[in-house]
Structures are given as structure tokens and as C-alpha cells.
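Data from target19.txt: compact mmCIF, C-alpha atoms
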```txt
# COMPACT_ATOMS: atom_id res chain seq x y z
CA LEU A 83 22.94 27.58 -3.32
CA VAL A 84 24.34 24.65 -5.29
CA THR A 85 23.55 22.29 -2.40
CA ILE A 86 19.96 23.49 -2.33
CA LEU A 87 19.59 23.03 -6.08
CA ILE A 88 21.04 19.52 -5.91
CA THR A 89 18.69 18.64 -3.03
CA VAL A 90 15.68 19.97 -4.94
CA ALA A 91 16.71 18.06 -8.06
CA ILE A 92 17.09 14.82 -6.08
CA MET A 93 13.66 15.35 -4.48
CA ILE A 94 12.05 15.97 -7.88
CA VAL A 95 13.62 12.82 -9.32
CA ALA A 96 12.56 10.76 -6.27
CA VAL A 97 8.97 12.01 -6.47
CA GLY A 98 8.93 11.36 -10.21
CA VAL A 99 10.16 7.79 -9.75
CA MET A 100 7.59 7.10 -7.01
CA LEU A 101 4.81 8.58 -9.15
CA LEU A 102 5.88 6.39 -12.06
CA VAL A 103 5.80 3.33 -9.77
CA ALA A 104 2.33 4.29 -8.51
CA LEU A 105 0.98 4.80 -12.02
CA THR A 106 2.34 1.53 -13.40
CA ARG A 107 1.85 -0.79 -10.42
CA LYS A 108 -0.93 -3.33 -10.95
CA GLY A 109 -2.85 -5.14 -8.24
CA SER A 110 -3.29 -8.89 -8.29
CA VAL A 111 -5.18 -11.29 -6.05
CA THR A 112 -1.89 -13.13 -5.55
CA THR A 113 0.08 -10.07 -4.39
CA ILE A 114 -2.52 -7.90 -2.64
CA THR A 115 -3.92 -9.57 0.46
CA MET A 116 -6.50 -8.39 2.97
CA THR A 117 -5.02 -5.85 5.35
CA THR A 118 -5.45 -5.51 9.10
CA ARG A 119 -7.00 -2.08 8.51
CA ARG A 120 -10.48 -2.85 7.24
CA ILE A 121 -13.99 -1.48 7.15
CA VAL A 122 -16.87 -3.95 7.36
CA LEU A 123 -20.20 -3.32 5.63
CA HIS A 124 -23.34 -5.45 5.57
CA SER A 125 -25.92 -5.97 2.85
CA ALA A 126 -29.32 -7.65 2.71
CA ALA A 127 -28.49 -8.63 -0.89
CA SER A 128 -26.93 -12.01 -1.61
CA PRO A 129 -23.13 -12.26 -1.78
CA ASP A 130 -23.38 -13.12 -5.49
CA VAL A 131 -25.26 -9.89 -6.24
CA VAL A 132 -22.84 -7.74 -4.23
CA TYR A 133 -19.77 -9.46 -5.71
CA ALA A 134 -21.09 -9.08 -9.27
CA LEU A 135 -21.81 -5.40 -8.73
CA LEU A 136 -18.35 -4.71 -7.28
CA SER A 137 -16.47 -6.74 -9.87
CA GLN A 138 -18.39 -5.46 -12.90
CA GLU A 139 -19.59 -1.98 -11.97
CA CYS A 140 -17.32 -0.69 -9.21
CA PRO A 141 -17.89 2.81 -7.82
CA SER A 142 -16.97 5.79 -9.97
CA GLY A 143 -13.35 6.87 -9.58
CA TYR A 144 -12.12 3.32 -8.92
CA SER A 145 -11.11 0.51 -11.21
CA VAL A 146 -11.14 -3.27 -10.94
CA GLU A 147 -7.57 -4.59 -10.94
CA ASP A 148 -8.22 -8.32 -10.46
CA VAL A 149 -10.88 -10.74 -9.22
CA ASP A 150 -11.05 -14.16 -7.59
CA PRO A 151 -14.68 -15.35 -7.60
CA PHE A 152 -13.81 -18.50 -5.62
CA ARG A 153 -12.64 -16.42 -2.64
CA GLY A 154 -15.13 -13.59 -3.23
CA LEU A 155 -12.16 -11.23 -3.64
CA VAL A 156 -12.06 -8.10 -5.77
CA ILE A 157 -9.01 -5.83 -5.94
CA LEU A 158 -10.08 -2.24 -6.61
CA SER A 159 -7.69 0.65 -7.09
CA SER A 160 -7.59 4.42 -7.13
CA ARG A 161 -5.21 6.62 -9.08
CA PRO A 162 -2.55 8.82 -7.51
CA THR A 163 -3.69 12.28 -6.47
CA ALA A 164 -1.85 15.44 -5.49
CA PHE A 165 -1.57 14.11 -1.93
CA THR A 166 -1.48 10.29 -2.24
CA TRP A 167 0.23 7.65 -4.36
CA GLY A 168 -3.10 5.89 -4.96
CA PHE A 169 -4.33 2.77 -3.22
CA PHE A 170 -5.28 -0.85 -3.72
CA TYR A 171 -8.44 -1.97 -1.95
CA PRO A 172 -8.84 -5.71 -1.39
CA VAL A 173 -12.59 -6.32 -1.00
CA VAL A 174 -13.87 -9.66 0.28
CA VAL A 175 -17.57 -10.49 -0.10
CA SER A 176 -18.87 -13.40 1.98
CA ALA A 177 -22.18 -14.79 3.15
CA GLU A 178 -23.56 -13.57 6.44
CA GLY A 179 -26.97 -14.84 7.45
CA THR A 180 -29.28 -14.22 4.51
CA GLY A 181 -27.16 -11.33 3.21
CA ALA A 182 -23.55 -10.43 2.57
CA ARG A 183 -20.58 -9.17 4.56
CA VAL A 184 -18.24 -6.83 2.69
CA GLU A 185 -14.73 -6.29 4.11
CA ILE A 186 -12.70 -3.49 2.56
CA GLY A 187 -8.97 -3.20 3.15
CA ILE A 188 -6.50 -0.59 1.93
CA LYS A 189 -2.86 -0.67 0.80
CA SER A 190 -0.87 2.20 -0.69
CA LYS A 191 0.64 1.72 -4.13
CA VAL A 192 3.95 3.08 -2.84
CA PHE A 193 3.80 4.07 0.83
CA GLN A 194 1.40 6.25 2.76
CA TYR A 195 0.51 6.81 6.40
CA GLY A 196 -1.80 9.04 8.37
CA PRO A 197 -5.20 10.65 7.96
CA LEU A 198 -5.13 10.62 4.15
CA VAL A 199 -5.22 6.82 4.23
CA THR A 200 -8.19 6.85 6.60
CA ARG A 201 -9.98 9.41 4.42
CA ALA A 202 -9.42 7.39 1.22
CA HIS A 203 -10.56 4.20 2.96
CA ARG A 204 -13.77 5.80 4.22
CA LYS A 205 -14.41 7.38 0.83
CA LEU A 206 -14.45 3.98 -0.87
CA ALA A 207 -16.58 2.45 1.91
CA ASN A 208 -19.13 5.25 1.48
CA ALA A 209 -19.09 4.77 -2.31
CA VAL A 210 -19.67 1.01 -1.92
CA ALA A 211 -22.44 1.67 0.61
CA GLY A 212 -24.10 3.96 -1.95
CA LEU A 213 -24.19 1.44 -4.79
CA PRO A 214 -27.73 1.00 -6.16
CA ASN A 215 -29.84 -2.08 -5.39
CA VAL A 216 -27.47 -3.37 -2.75
CA HIS A 217 -28.59 -1.48 0.36
CA ILE A 218 -25.29 -1.74 2.20
CA LYS A 219 -24.99 -0.20 5.63
CA ASN A 220 -21.99 0.49 7.84
CA GLY A 221 -21.45 -1.45 11.02
```
Could you rewrite the structure in this file as C-alpha cells?
Amino acid sequence: LVTILITVAIMIVAVGVMLLVALTRKGSVTTITMTTRRIVLHSAASPDVVYALLSQECPSGYSVEDVDPFRGLVILSSRPTAFTWGFFYPVVVSAEGTGARVEIGIKSKVFQYGPLVTRAHRKLANAVAGLPNVHIKNG
């Protein structure tokens, strides 16, 4: 019984420490780079319009951590939930033809693998695609 209680106490402390790390970790354009896992969206709007919208009025439930207008890079983040530690989303907006290409990456604030990462990544991509006056489409 004592061994079980000690194990439970260690697990609670470990989860508490990781949650504290996730809540206090800040994203920066110098530390968060584009990931190999990415979703690409396209917009008929100019890159400047898309970049301004993402960096000034990001989708609800997300916050802007840092920006680099010279590289067209915006670091968005989500808070920890009951099932994830929260994520950083490097978003790169670049010119493509007469419109814009939007690449969205994802990186956990602590560590995370599996379908919850894919779900969180798609959720942000759908939120970005639904931003007004941008007309972004998947693919």
C-alpha cells in the first residue's frame, strides 16, 4: 500500500511539474521553428492581408506568442487541456501566385504524440480556413 501511495504521489508531482512547464513556456520565433508535420492552406488574398489577420486577430482559442514579419512567421499557441500539454503552431505565410500559401506546423509545449496532436493540428487549420475575408481553402 505504501508503494502504491508513493507511486501515485510521484505521478501527481510529475504531472504538476509538466503542467507548470506547459503553462509558463513561451514561444519565440528564435526557438520554435517550422516542423516536418505541417498542413498547407491556400488563399486568394495577398500574403500581407493573411499575415496581418493571423498576427493581429488569430482564431478564437489561440494566442499570438511572437511574430517575424520579415519571414512571414507567426507563432500561435493553445493552452493545455485535460488531454494535452498545449501546442505551439509556427505559421508561415508566403506568396503563391496572386495569393498566399499558409503553412501550419505543430509542436507540443512539453511532449505529445498520437491522434491528439493530429486533431489539434487540424482544429487550428480549420479555424484559420474559417477566418473572415481571407477565403482560405485546404489543399
Handout entry: Distance in Å - atom CA of A:Thr200 versus atom CA of A:Thr118
Key = 12.9 Å
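With all atoms listed in the file as the atoms that count, the minimum distance from A:Lys189 to the choices A:Ala202, A:Ala211, A:Ala177, A:Ala126 is reached by A:Ala202.
Interatomic distance, atom CA of A:Ala127 to atom CA of A:His203: 22.4 Å.
Pairwise distance (atom CA of A:Pro172, atom CA of A:Ala96) equals 27.4 Å.
Near A:Gly168, within 10 Å and counting all atoms listed in the file, sit Leu101, Ala104, Leu105, Arg107, Ser159, Ser160, Arg161, Pro162, Thr163, Ala164, Lys189, Ser190, Lys191, Val192, Phe193, Gln194, Val199 and Ala202 of chain A, not including residues fewer than 4 positions from it in the same chain.
Closest approach to A:Ile121 among A:Gly98, A:Gly181, A:Gly187, A:Gly143 is made by A:Gly187 (distances from only C-alpha atoms).
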Handout entry: Residue list as a VMD selection string for point (-2.1, -8.9, -2.8), cut-off 10 Å, all atoms listed in the file
Key = chain A and resid 108 to 117 148 157 170 to 172 189
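Distance annotation: of A:Leu206, A:Val122, A:Val149, A:Leu198, the residue with the minimal separation from A:Glu178 is A:Val122; atom set is all atoms listed in the file.
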Practice task
Just the residues within 9 Å of stretch 132-136 of chain A, please, counting all atoms listed in the file, with nothing from its chain fewer than 2 positions along; format it as a ChimeraX atom specification.
Solution key: /A:125,127-130,138-141,146,151,154-156,158,173-176,182,184,210,213,216
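Using all atoms listed in the file, the smallest distance between any of A:Thr106, A:Val97, A:Val131, A:Phe152 and A:Thr166 comes from A:Val97.
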